[in-house]
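**Student:** Dropping in start13.txt, with compact mmCIF, C-alpha atoms.
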# COMPACT_ATOMS: atom_id res chain seq x y z
CA MET A 1 26.76 -24.66 14.06
CA ASN A 2 28.80 -22.37 16.27
CA ARG A 3 27.32 -20.27 19.03
CA LYS A 4 27.35 -16.99 17.08
CA ASN A 5 25.50 -18.53 14.13
CA ARG A 6 22.97 -20.12 16.44
CA THR A 7 22.35 -16.79 18.18
CA THR A 8 21.94 -15.06 14.80
CA MET A 9 19.52 -17.75 13.65
CA ILE A 10 17.44 -17.48 16.84
CA GLY A 11 17.45 -13.66 16.56
CA THR A 12 16.26 -13.84 12.94
CA ILE A 13 13.48 -16.31 13.78
CA ILE A 14 12.32 -14.14 16.69
CA ALA A 15 12.36 -11.06 14.42
CA ILE A 16 10.23 -12.88 11.80
CA ILE A 17 7.73 -14.01 14.44
CA VAL A 18 7.52 -10.56 16.05
CA LEU A 19 7.07 -8.88 12.65
CA ILE A 20 4.25 -11.25 11.66
CA VAL A 21 2.54 -10.79 15.05
CA VAL A 22 2.84 -6.99 14.81
CA VAL A 23 1.43 -6.97 11.25
CA ILE A 24 -1.50 -9.19 12.25
CA LEU A 25 -2.28 -7.31 15.46
CA SER A 26 -2.01 -3.89 13.82
CA ASN A 27 -4.44 -4.91 11.10
CA VAL A 28 -7.05 -6.50 13.35
CA ALA A 29 -6.80 -3.92 16.14
CA LYS A 30 -9.94 -2.14 14.90
CA ASN A 31 -11.94 -5.34 15.41
CA LYS A 32 -13.17 -5.62 18.98
CA SER A 33 -13.35 -9.39 18.78
CA ALA A 34 -9.62 -9.62 18.03
CA VAL A 35 -8.90 -10.95 21.51
CA GLN A 36 -11.62 -13.55 21.12
CA ASN A 37 -10.13 -14.57 17.78
CA ALA A 38 -6.64 -14.83 19.26
CA VAL A 39 -7.92 -16.97 22.10
CA SER A 40 -9.89 -19.18 19.74
CA ILE A 41 -6.81 -19.67 17.51
CA PHE A 42 -5.00 -21.22 20.47
CA PHE A 43 -7.91 -23.10 22.01
CA THR A 44 -9.87 -24.39 19.00
CA PRO A 45 -7.29 -27.09 18.02
CA LEU A 46 -7.13 -28.21 21.65
CA GLN A 47 -10.91 -28.33 21.90
CA ASN A 48 -11.10 -30.28 18.61
CA GLN A 49 -8.60 -32.83 19.89
CA ILE A 50 -10.52 -33.34 23.14
CA THR A 51 -13.79 -33.75 21.24
CA TYR A 52 -12.12 -36.21 18.85
CA ILE A 53 -10.77 -38.35 21.70
CA LYS A 54 -14.15 -38.26 23.42
CA ASN A 55 -15.89 -39.39 20.22
CA ARG A 56 -13.35 -42.17 19.69
CA ILE A 57 -14.02 -43.56 23.15
CA THR A 58 -17.79 -43.43 22.88
CA ARG A 59 -18.03 -44.47 19.22
CA ASN A 60 -20.65 -47.04 18.42
CA SER A 61 -19.24 -50.49 17.43
CA GLU A 62 -21.76 -50.74 14.53
CA GLU A 63 -19.94 -47.98 12.72
CA ILE A 64 -16.72 -50.01 12.74
CA ALA A 65 -18.54 -53.04 11.29
CA ASN A 66 -19.85 -51.01 8.36
CA ILE A 67 -16.47 -49.60 7.47
CA SER A 68 -16.21 -51.14 3.98
CA SER A 69 -19.61 -49.87 2.84
CA LEU A 70 -18.74 -46.49 4.29
CA GLU A 71 -15.52 -46.41 2.29
CA GLN A 72 -17.42 -47.06 -0.95
CA GLU A 73 -19.99 -44.42 -0.09
CA ASN A 74 -17.19 -42.04 0.78
CA GLN A 75 -15.56 -42.52 -2.63
CA GLU A 76 -18.86 -41.86 -4.43
CA LEU A 77 -19.41 -38.73 -2.40
CA LYS A 78 -15.85 -37.56 -3.17
CA ASP A 79 -16.48 -37.96 -6.92
CA GLU A 80 -19.76 -36.12 -6.67
CA ASN A 81 -18.11 -33.42 -4.60
CA SER A 82 -15.35 -32.80 -7.16
CA LYS A 83 -17.96 -32.48 -9.93
CA LEU A 84 -19.95 -30.01 -7.86
CA GLN A 85 -16.83 -28.03 -7.04
CA GLU A 86 -16.05 -27.75 -10.74
CA GLN A 87 -19.57 -26.46 -11.40
CA VAL A 88 -19.24 -23.96 -8.54
CA ARG A 89 -15.97 -22.64 -10.00
CA GLU A 90 -17.62 -22.15 -13.42
CA LEU A 91 -20.56 -20.37 -11.78
CA GLU A 92 -18.20 -18.14 -9.75
CA VAL A 93 -16.48 -17.00 -12.96
CA LEU A 94 -19.85 -16.24 -14.57
CA LYS A 95 -21.04 -14.45 -11.42
CA SER A 96 -17.90 -12.30 -11.33
CA GLU A 97 -18.28 -11.35 -15.02
CA ASN A 98 -21.96 -10.58 -14.45
CA ASN A 99 -21.16 -8.35 -11.45
CA THR A 100 -18.52 -6.39 -13.37
CA LEU A 101 -20.90 -5.79 -16.27
CA LYS A 102 -23.68 -4.80 -13.83
CA GLU A 103 -21.37 -2.34 -12.09
CA TYR A 104 -20.45 -0.70 -15.38
CA LEU A 105 -24.16 -0.51 -16.33
CA ASN A 106 -25.15 0.98 -12.95
CA LEU A 107 -22.35 3.50 -13.17
CA LYS A 108 -23.39 4.50 -16.69
CA ASN A 109 -27.05 4.90 -15.66
CA LYS A 110 -26.23 6.80 -12.46
CA TYR A 111 -24.17 9.38 -14.28
CA ALA A 112 -26.20 9.41 -17.51
CA ASP A 113 -25.86 13.20 -17.78
CA TYR A 114 -22.14 12.89 -18.37
CA THR A 115 -20.12 11.41 -21.20
CA THR A 116 -17.89 8.89 -19.47
CA VAL A 117 -15.12 6.44 -20.25
CA PRO A 118 -15.01 3.27 -18.12
CA GLY A 119 -11.76 1.90 -16.79
CA TYR A 120 -10.23 0.10 -13.88
CA VAL A 121 -7.40 0.56 -11.42
CA ILE A 122 -4.21 -1.22 -12.50
CA ALA A 123 -1.74 0.05 -9.87
CA ARG A 124 -1.63 1.85 -6.55
CA THR A 125 1.22 3.93 -5.23
CA TYR A 126 3.76 2.26 -2.94
CA SER A 127 4.17 5.41 -0.85
CA ASN A 128 2.67 5.86 2.62
CA TYR A 129 2.08 9.55 1.92
CA ASP A 130 0.69 9.81 -1.62
CA LYS A 131 -2.64 8.32 -2.62
CA ILE A 132 -2.32 8.09 -6.37
CA VAL A 133 -3.72 5.28 -8.55
CA THR A 134 -3.05 4.36 -12.15
CA ILE A 135 -5.97 3.48 -14.44
CA ASN A 136 -5.99 1.54 -17.70
CA VAL A 137 -7.35 4.32 -19.95
CA GLY A 138 -5.30 7.14 -21.45
CA SER A 139 -5.16 9.78 -24.16
CA ASP A 140 -6.06 7.19 -26.84
CA ASP A 141 -9.42 6.81 -25.04
CA GLY A 142 -9.99 10.57 -24.89
CA ILE A 143 -8.68 11.10 -21.36
CA GLU A 144 -7.12 14.46 -20.55
CA GLU A 145 -5.60 16.05 -17.46
CA ASN A 146 -7.95 17.43 -14.79
CA MET A 147 -10.88 15.24 -15.82
CA PRO A 148 -12.93 14.06 -12.80
CA VAL A 149 -12.98 10.37 -11.92
CA ILE A 150 -15.92 8.68 -10.17
CA SER A 151 -16.92 5.25 -8.93
CA GLU A 152 -20.32 3.69 -8.37
CA GLN A 153 -20.30 5.01 -4.79
CA GLY A 154 -19.08 8.54 -5.46
CA LEU A 155 -16.13 10.80 -6.22
CA VAL A 156 -12.68 9.22 -6.70
CA GLY A 157 -10.45 12.12 -7.78
CA MET A 158 -9.06 13.76 -10.86
CA VAL A 159 -6.68 12.83 -13.66
CA MET A 160 -3.28 14.37 -12.94
CA SER A 161 -1.29 13.04 -15.91
CA VAL A 162 -1.94 10.94 -18.98
CA THR A 163 -0.01 8.59 -21.25
CA LYS A 164 -1.41 6.96 -24.38
CA SER A 165 -2.82 3.96 -22.57
CA THR A 166 -2.84 4.89 -18.87
CA ALA A 167 -3.60 7.83 -16.59
CA LYS A 168 -2.57 8.75 -13.06
CA VAL A 169 -5.42 9.76 -10.77
CA GLN A 170 -4.94 11.90 -7.69
CA THR A 171 -7.58 10.53 -5.33
CA ILE A 172 -9.53 12.78 -2.95
CA ILE A 173 -7.84 11.02 0.01
CA ASP A 174 -4.43 12.29 -1.17
CA THR A 175 -3.00 14.91 1.17
CA ALA A 176 -2.49 17.34 -1.70
CA SER A 177 -6.12 17.08 -2.83
CA THR A 178 -8.66 19.79 -1.98
CA VAL A 179 -12.26 19.69 -3.14
CA SER A 180 -14.84 22.43 -2.78
CA ALA A 181 -17.95 20.82 -1.29
CA ASN A 182 -21.51 21.48 -0.13
CA VAL A 183 -23.72 19.93 2.52
CA THR A 184 -26.79 18.63 0.65
CA ALA A 185 -29.19 19.37 3.52
CA SER A 186 -28.21 23.00 4.10
CA ASN A 187 -26.20 23.89 1.00
CA GLU A 188 -23.38 25.23 3.22
CA SER A 189 -19.96 25.22 1.59
CA MET A 190 -16.64 23.88 2.87
CA LEU A 191 -13.27 22.60 1.72
CA VAL A 192 -12.53 18.90 1.90
CA LYS A 193 -8.92 17.68 2.13
CA GLY A 194 -7.22 14.30 2.31
CA THR A 195 -5.13 13.39 5.37
CA ILE A 196 -2.05 11.22 5.92
CA SER A 197 -3.56 9.54 8.93
CA ASN A 198 -6.64 8.04 7.35
CA THR A 199 -7.44 6.51 3.98
CA GLU A 200 -11.18 6.34 4.62
CA GLU A 201 -11.78 9.80 6.00
CA LEU A 202 -11.37 13.35 4.76
CA ARG A 203 -11.13 16.53 6.75
CA ALA A 204 -13.62 19.31 6.03
CA SER A 205 -12.50 22.81 6.97
CA SER A 206 -13.62 26.40 6.37
CA ILE A 207 -16.98 25.54 7.92
CA SER A 208 -19.09 28.60 8.64
CA THR A 209 -19.51 29.50 12.33
CA GLU A 210 -23.30 29.44 11.85
CA SER A 211 -23.20 26.09 10.11
CA THR A 212 -25.67 23.44 11.26
CA ILE A 213 -23.69 20.54 9.88
CA LEU A 214 -24.62 17.24 11.54
CA GLN A 215 -23.32 13.72 11.70
CA GLY A 216 -24.66 11.72 8.74
CA ASP A 217 -25.16 14.71 6.43
CA GLU A 218 -24.24 13.99 2.84
CA ILE A 219 -21.40 16.01 1.31
CA VAL A 220 -21.33 16.60 -2.44
CA THR A 221 -19.11 18.54 -4.82
CA SER A 222 -20.03 22.22 -5.10
CA GLY A 223 -18.97 22.63 -8.72
CA LEU A 224 -16.59 25.47 -7.81
CA GLY A 225 -13.01 25.24 -8.98
CA GLY A 226 -13.78 24.11 -12.51
CA ILE A 227 -12.69 20.47 -12.18
CA TYR A 228 -15.44 18.55 -10.42
CA PRO A 229 -19.04 18.90 -11.66
CA LYS A 230 -21.66 19.88 -9.07
CA GLY A 231 -23.53 17.25 -7.07
CA ILE A 232 -21.20 14.24 -7.06
CA LEU A 233 -21.30 12.46 -3.70
CA ILE A 234 -18.08 12.75 -1.71
CA GLY A 235 -19.21 11.08 1.53
CA THR A 236 -21.08 11.56 4.77
CA VAL A 237 -20.17 13.52 7.89
CA GLY A 238 -18.59 11.22 10.47
CA SER A 239 -18.10 13.71 13.26
CA VAL A 240 -17.96 17.45 13.85
CA VAL A 241 -15.00 18.58 15.97
CA ASN A 242 -15.47 21.88 17.77
CA THR A 243 -12.29 23.61 18.92
CA LYS A 244 -11.95 26.58 21.28
CA ASN A 245 -11.67 28.80 18.26
CA GLU A 246 -14.86 28.38 16.26
CA VAL A 247 -13.09 29.26 13.04
CA ASP A 248 -10.83 26.21 13.45
CA ARG A 249 -13.62 23.71 13.79
CA TYR A 250 -13.62 20.88 11.33
CA ALA A 251 -15.57 17.79 10.38
CA THR A 252 -14.45 14.32 9.38
CA ILE A 253 -16.03 12.99 6.21
CA LYS A 254 -16.36 9.25 5.63
CA THR A 255 -15.70 8.75 1.92
CA ALA A 256 -18.48 7.22 -0.17
CA THR A 257 -15.92 5.39 -2.27
CA ASP A 258 -14.10 2.51 -0.61
CA PHE A 259 -10.56 3.20 -1.78
CA SER A 260 -9.14 -0.03 -0.39
CA THR A 261 -11.23 -2.08 -2.83
CA LEU A 262 -11.59 0.48 -5.61
CA SER A 263 -11.53 -1.24 -8.97
CA GLU A 264 -14.05 0.00 -11.57
CA ILE A 265 -14.07 3.72 -12.29
CA LEU A 266 -15.54 6.17 -14.81
CA VAL A 267 -13.71 9.18 -16.16
CA ILE A 268 -16.07 12.06 -16.91
CA THR A 269 -14.98 13.45 -20.27
CA SER A 270 -17.79 16.00 -20.73
CA LYS A 271 -21.35 16.87 -19.73
CA GLN A 272 -24.01 16.00 -22.31
CA MET B 1 33.21 -5.45 -18.25
CA LYS B 2 31.33 -8.72 -18.07
CA ASN B 3 31.34 -8.55 -14.28
CA LYS B 4 30.05 -4.97 -14.28
CA LEU B 5 27.21 -6.00 -16.57
CA LYS B 6 26.44 -8.90 -14.23
CA THR B 7 26.31 -6.48 -11.27
CA ILE B 8 23.93 -4.17 -13.14
CA LEU B 9 21.67 -7.08 -14.13
CA ILE B 10 21.51 -8.34 -10.53
CA ILE B 11 20.60 -4.82 -9.31
CA LEU B 12 17.86 -4.51 -11.97
CA LEU B 13 16.50 -7.92 -10.97
CA LEU B 14 16.45 -6.81 -7.32
CA PHE B 15 14.54 -3.67 -8.35
CA ILE B 16 11.90 -5.75 -10.15
CA ILE B 17 11.51 -8.09 -7.15
CA ILE B 18 11.21 -5.13 -4.76
CA TYR B 19 8.74 -3.42 -7.12
CA PHE B 20 6.38 -6.40 -7.00
CA LEU B 21 6.81 -6.82 -3.24
CA GLN B 22 6.08 -3.15 -2.66
CA ILE B 23 3.04 -3.04 -4.96
CA ASN B 24 1.46 -6.36 -4.07
CA PHE B 25 2.82 -8.07 -0.95
CA PHE B 26 3.19 -5.03 1.31
CA SER B 27 -0.21 -3.67 0.31
CA TRP B 28 -1.63 -6.29 2.70
CA PHE B 29 1.42 -7.26 4.80
CA ASN B 30 1.78 -3.91 6.53
CA ILE B 31 1.80 -2.43 10.01
CA ALA B 32 -1.40 -0.42 10.55
CA GLY B 33 -1.52 0.38 6.83
CA ILE B 34 2.11 1.56 6.72
CA MET B 35 4.50 -0.11 4.29
CA PRO B 36 8.31 -0.22 4.36
CA ASN B 37 10.23 1.59 1.63
CA LEU B 38 12.58 -0.95 0.13
CA PHE B 39 13.56 1.26 -2.81
CA VAL B 40 15.42 3.59 -0.43
CA LEU B 41 17.20 0.61 1.14
CA LEU B 42 18.13 -0.80 -2.27
CA VAL B 43 19.69 2.48 -3.42
CA LEU B 44 21.44 2.90 -0.04
CA PHE B 45 22.99 -0.55 -0.29
CA ILE B 46 24.07 0.07 -3.90
CA GLY B 47 25.88 3.23 -2.75
CA LEU B 48 27.27 1.41 0.26
CA PHE B 49 28.65 -1.64 -1.52
CA VAL B 50 29.05 -0.72 -5.19
CA GLY B 51 29.98 2.95 -4.80
CA LYS B 52 28.55 6.43 -5.08
CA SER B 53 28.62 6.65 -8.88
CA MET B 54 26.42 3.56 -9.17
CA GLY B 55 24.34 4.66 -6.16
CA ILE B 56 23.61 8.01 -7.79
CA LEU B 57 23.04 6.46 -11.22
CA PHE B 58 20.62 3.82 -9.98
CA GLY B 59 18.99 6.35 -7.63
CA ILE B 60 18.20 8.55 -10.64
CA LEU B 61 17.11 5.60 -12.80
CA PHE B 62 14.82 4.04 -10.16
CA GLY B 63 13.51 7.47 -9.18
CA ILE B 64 12.55 8.28 -12.77
CA ILE B 65 10.81 4.91 -13.16
CA LEU B 66 8.90 5.34 -9.87
CA ASP B 67 8.00 8.95 -10.67
CA ALA B 68 6.77 7.93 -14.11
CA LEU B 69 4.62 5.19 -12.62
CA PHE B 70 3.33 6.78 -9.42
CA GLY B 71 4.81 10.23 -8.84
CA ARG B 72 3.33 13.70 -9.11
CA ALA B 73 6.18 14.87 -11.35
CA ILE B 74 9.17 13.13 -12.91
CA GLY B 75 12.41 13.85 -11.11
CA ILE B 76 11.37 14.33 -7.47
CA SER B 77 12.10 10.80 -6.27
CA ALA B 78 15.06 10.65 -8.67
CA VAL B 79 16.82 13.59 -6.98
CA PHE B 80 16.35 12.30 -3.44
CA LEU B 81 17.14 8.67 -4.27
CA ALA B 82 20.34 9.90 -5.96
CA ILE B 83 21.25 11.72 -2.71
CA VAL B 84 20.57 8.49 -0.78
CA GLY B 85 22.94 6.68 -3.19
CA PHE B 86 25.57 9.33 -2.49
CA LEU B 87 24.97 9.00 1.26
CA GLY B 88 25.73 5.28 0.90
CA GLU B 89 29.28 6.05 -0.21
CA ILE B 90 29.76 8.57 2.64
CA PHE B 91 28.52 5.99 5.16
CA ASP B 92 30.87 3.41 3.63
CA LYS B 93 33.88 5.69 4.14
CA ASN B 94 33.03 6.52 7.74
CA PHE B 95 31.35 3.42 9.18
CA SER B 96 31.71 -0.34 9.11
CA LYS B 97 29.39 -2.33 6.88
CA ASP B 98 29.98 -5.41 9.00
CA SER B 99 27.97 -4.21 11.93
CA ARG B 100 24.25 -4.85 12.01
CA ILE B 101 23.73 -1.79 14.20
CA THR B 102 25.46 0.60 11.79
CA ILE B 103 23.54 -0.84 8.83
CA ILE B 104 20.29 -0.29 10.77
CA ALA B 105 21.34 3.27 11.71
CA MET B 106 22.22 4.04 8.07
CA SER B 107 18.87 2.74 6.85
CA VAL B 108 16.96 4.74 9.49
CA LEU B 109 18.84 7.93 8.59
CA SER B 110 18.38 7.42 4.83
CA THR B 111 14.68 6.52 5.07
CA THR B 112 13.97 9.47 7.37
CA PHE B 113 15.91 11.87 5.14
CA TYR B 114 14.16 10.63 1.98
CA GLU B 115 10.63 10.71 3.40
CA ILE B 116 11.11 14.17 4.99
CA CYS B 117 12.36 15.57 1.66
CA ILE B 118 9.46 14.06 -0.30
CA TYR B 119 6.98 15.30 2.29
CA LEU B 120 8.42 18.83 2.19
CA VAL B 121 8.14 18.84 -1.61
CA ASN B 122 4.52 17.70 -1.28
CA ILE B 123 3.78 20.46 1.24
CA PHE B 124 5.49 23.35 -0.52
CA GLY B 125 5.08 22.17 -4.10
CA TYR B 126 1.66 20.58 -4.12
CA GLY B 127 -0.16 21.99 -1.09
CA ALA B 128 -0.24 18.78 0.95
CA SER B 129 -1.66 19.25 4.43
CA VAL B 130 0.82 19.63 7.30
CA GLU B 131 0.32 16.81 9.81
CA ILE B 132 3.55 16.67 11.78
CA SER B 133 2.47 14.20 14.46
CA THR B 134 0.96 11.75 11.96
CA PHE B 135 3.99 12.09 9.73
CA ILE B 136 6.37 11.32 12.62
CA TYR B 137 4.21 8.34 13.62
CA ASN B 138 4.31 7.02 10.02
CA ILE B 139 8.08 7.55 9.76
CA VAL B 140 8.65 5.68 13.03
CA ILE B 141 6.51 2.72 11.93
CA GLU B 142 8.13 2.69 8.48
CA ASN B 143 11.60 2.66 10.07
CA ILE B 144 10.61 -0.09 12.51
CA PHE B 145 9.40 -2.15 9.54
CA ASN B 146 12.66 -1.50 7.67
CA VAL B 147 14.69 -2.44 10.76
CA PHE B 148 12.81 -5.73 11.14
CA LEU B 149 13.49 -6.55 7.49
CA ILE B 150 17.19 -5.71 7.87
CA ILE B 151 17.46 -7.89 10.99
CA ILE B 152 15.81 -10.77 9.14
CA PHE B 153 17.76 -10.42 5.89
CA TYR B 154 21.02 -8.98 7.26
CA SER B 155 23.28 -11.91 6.44
CA GLY B 156 21.79 -12.20 2.93
CA ILE B 157 22.14 -8.45 2.32
CA ARG B 158 25.76 -8.51 3.50
CA LYS B 159 26.70 -11.53 1.40
CA LEU B 160 25.01 -10.15 -1.71
CA GLY B 161 26.50 -6.69 -1.07
CA TYR B 162 30.06 -8.03 -0.87
CA TYR B 163 29.43 -10.26 -3.87
CA LEU B 164 28.33 -7.23 -5.92
CA GLU B 165 31.26 -5.18 -4.60
CA ASN B 166 33.77 -7.86 -5.58
CA CYS B 167 32.04 -8.49 -8.87
CA PHE B 168 31.88 -4.79 -9.81
CA TYR B 169 35.46 -3.99 -8.89
CA GLN B 170 36.66 -7.41 -10.12
CA LYS B 171 38.40 -8.08 -6.81
CA GLU B 172 40.03 -11.43 -6.37
CA PHE B 173 38.49 -13.53 -3.65
CA GLN B 174 41.11 -14.07 -0.98
CA THR B 175 41.08 -16.70 1.67
CA ARG B 176 40.59 -15.37 5.14
CA TYR B 177 43.37 -17.42 6.64
CA PHE B 178 46.68 -17.82 4.89
Since I need it in another form, could you write the structure as structure tokens?
**Tutor:**
Amino acid sequence: MNRKNRTTMIGTIIAIIVLIVVVILSNVAKNKSAVQNAVSIFFTPLQNQITYIKNRITRNSEEIANISSLEQENQELKDENSKLQEQVRELEVLKSENNTLKEYLNLKNKYADYTTVPGYVIARTYSNYDKIVTINVGSDDGIEENMPVISEQGLVGMVMSVTKSTAKVQTIIDTASTVSANVTASNESMLVKGTISNTEELRASSISTESTILQGDEIVTSGLGGIYPKGILIGTVGSVVNTKNEVDRYATIKTATDFSTLSEILVITSKQ
Amino acid sequence: MKNKLKTILIILLLFIIIYFLQINFFSWFNIAGIMPNLFVLLVLFIGLFVGKSMGILFGILFGIILDALFGRAIGISAVFLAIVGFLGEIFDKNFSKDSRITIIAMSVLSTTFYEICIYLVNIFGYGASVEISTFIYNIVIENIFNVFLIIIFYSGIRKLGYYLENCFYQKEFQTRYF
């Protein structure tokens, strides 16, 4: 291997390592124990080795004498373990099916006033700027444009386009989404918009200067605008940011729906 | 004809691979939630190695597919990806494809151009909120991610690019030393 190739190879390996480190660090940065984790990743194997050597030195000679019986016992335990693991896998499948059915049932009961069509998310956009998801129900299931979409936790968004078997949903965290909302405690109105910077928070603007909005207040749809029905939970107030100009003050809203794990949804087709 | 068909099939296969990477792999392997945009790079490299007609054609085709699957309206991504394909040919005429630095610069320019155009359409066409600082931050991270991927896969990209170029134009392989 000539020098140029070797340099290229080293450069590529360094780039791979740096990329992986950056990805890991950027995704665990929110966790305060990240440093502890990083330290433990390096030191745990070392500590294990030291403990192992220490145990080897101080091991009781009786254990060595019983090695054949231990081997037999070990084999029996391995067999038993594989059987148990198989049972656990079967139970996990049943548990997962049970949870999905329960979620659908809860969703149906929670929004019993509405006629709904259940579905689930089959694709998410690849873009860093749009927050659009595709669901597995379409016009054949009675879905039409502008129908509201909800999850067990709260509002998801609205249907923006439909094919026969799928529909695209503009989520409330999309930057082009605006929802008219109310504070449940005081019934004050505001506009809630998605932001590029955060996929878990919304930005509430047009807050009245006399508003008494507080951290933790629940925000629900106001019913204005003709798309979202009144009273569907959007989220809770995370913080209220006061600027020099009172008219510009805004609040951050923590969404009730966890969009990173969003799976089961209901499309509201009409109110009963 | 056979070689042209082979080139097209390889490009379509690359699109499918990138589609699955973008939808699945990069949804968790990302930098602070920001993913690279490999579709822009694919169209750029098609324009760069195979030519502007194919760059524009595949830009439109991939754009329509992506718009149909995830876009707000069909045609937006198609228009800007087609321009990226065209840019590939312009870059090819003015810069060397054999330099890692120029390839990186081309990808940064194309990605930035594409994302700014899409963002402007979102702002003026669909009422997206204007967040300049966050947008710049996202663009920078996205470009850094793209640059890392180009550094890692540069030799592969170059080899495949020249293979497609030779295949498409049915050039005879010539020995370097004669």
**Student:** Could I get the residues of chain A with an atom no further than 6 Å from an atom of chain B, each paired with its nearest atom pair and that distance in Å to one decimal, using all atoms listed in the file, sorted by chain and residue number, as a Markdown table?
**Tutor:**
| residue | atom | partner | partner_atom | distance |
| --- | --- | --- | --- | --- |
| A:Thr12 | CA | B:Ile152 | CA | 4.9 |
| A:Val23 | CA | B:Ile31 | CA | 4.7 |
| A:Ser26 | CA | B:Ala32 | CA | 4.8 |
| A:Asn27 | CA | B:Ala32 | CA | 5.5 |
| A:Thr125 | CA | B:Phe70 | CA | 5.5 |
| A:Tyr126 | CA | B:Ile23 | CA | 5.7 |
| A:Asn128 | CA | B:Ile34 | CA | 6.0 |
| A:Thr175 | CA | B:Ala128 | CA | 4.8 |
| A:Ala176 | CA | B:Ala128 | CA | 3.8 |
| A:Ser197 | CA | B:Thr134 | CA | 5.9 |
**Student:** So how far away is atom CA of B:Ala82 from atom CA of B:Ile60, in Å?
**Tutor:**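 According to the coordinates, atom CA of B:Ile60 and atom CA of B:Ala82 are separated by 5.3 Å.
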**Student:** Give me, please, the distance in Å between atom CA of A:Ile150 and atom CA of A:Met190, quoted to one decimal.
**Tutor:**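 Computing the Euclidean distance for atom CA of A:Ile150 and atom CA of A:Met190 yields 20.0 Å.
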**Student:** Figure out the distance between atom CA of B:Ile65 and atom CA of A:Glu144, please, to one decimal in Å.
**Tutor:** 21.6 Å
**Student:** Ranking B:Val50, B:Ile64, B:Ile74, B:Ile116 by minimum distance to B:Glu89 and counting only C-alpha atoms, which one comes first?
**Tutor:** B:Val50
**Student:** Could you pull stretch 187-205 of chain A out of the block above and give me C-alpha atoms, as a PDB file, in the first residue's frame?
**Tutor:**
ATOM      1  CA  ASN A 187     -60.250  30.065  28.261  1.00  0.00           C
ATOM      2  CA  GLU A 188     -57.809  32.603  26.764  1.00  0.00           C
ATOM      3  CA  SER A 189     -57.120  32.123  23.066  1.00  0.00           C
ATOM      4  CA  MET A 190     -53.814  31.936  21.194  1.00  0.00           C
ATOM      5  CA  LEU A 191     -52.224  30.594  18.027  1.00  0.00           C
ATOM      6  CA  VAL A 192     -49.972  27.564  18.233  1.00  0.00           C
ATOM      7  CA  LYS A 193     -47.309  26.992  15.558  1.00  0.00           C
ATOM      8  CA  GLY A 194     -44.684  24.344  14.886  1.00  0.00           C
ATOM      9  CA  THR A 195     -40.985  25.286  14.869  1.00  0.00           C
ATOM     10  CA  ILE A 196     -37.939  23.994  12.987  1.00  0.00           C
ATOM     11  CA  SER A 197     -35.846  23.891  16.116  1.00  0.00           C
ATOM     12  CA  ASN A 198     -37.907  21.514  18.188  1.00  0.00           C
ATOM     13  CA  THR A 199     -39.982  18.433  17.455  1.00  0.00           C
ATOM     14  CA  GLU A 200     -41.453  18.234  20.947  1.00  0.00           C
ATOM     15  CA  GLU A 201     -42.427  21.840  21.474  1.00  0.00           C
ATOM     16  CA  LEU A 202     -44.740  24.329  19.800  1.00  0.00           C
ATOM     17  CA  ARG A 203     -44.698  28.080  19.987  1.00  0.00           C
ATOM     18  CA  ALA A 204     -47.839  29.868  21.156  1.00  0.00           C
ATOM     19  CA  SER A 205     -48.216  33.470  20.009  1.00  0.00           C
TER      20      SER A 205
END
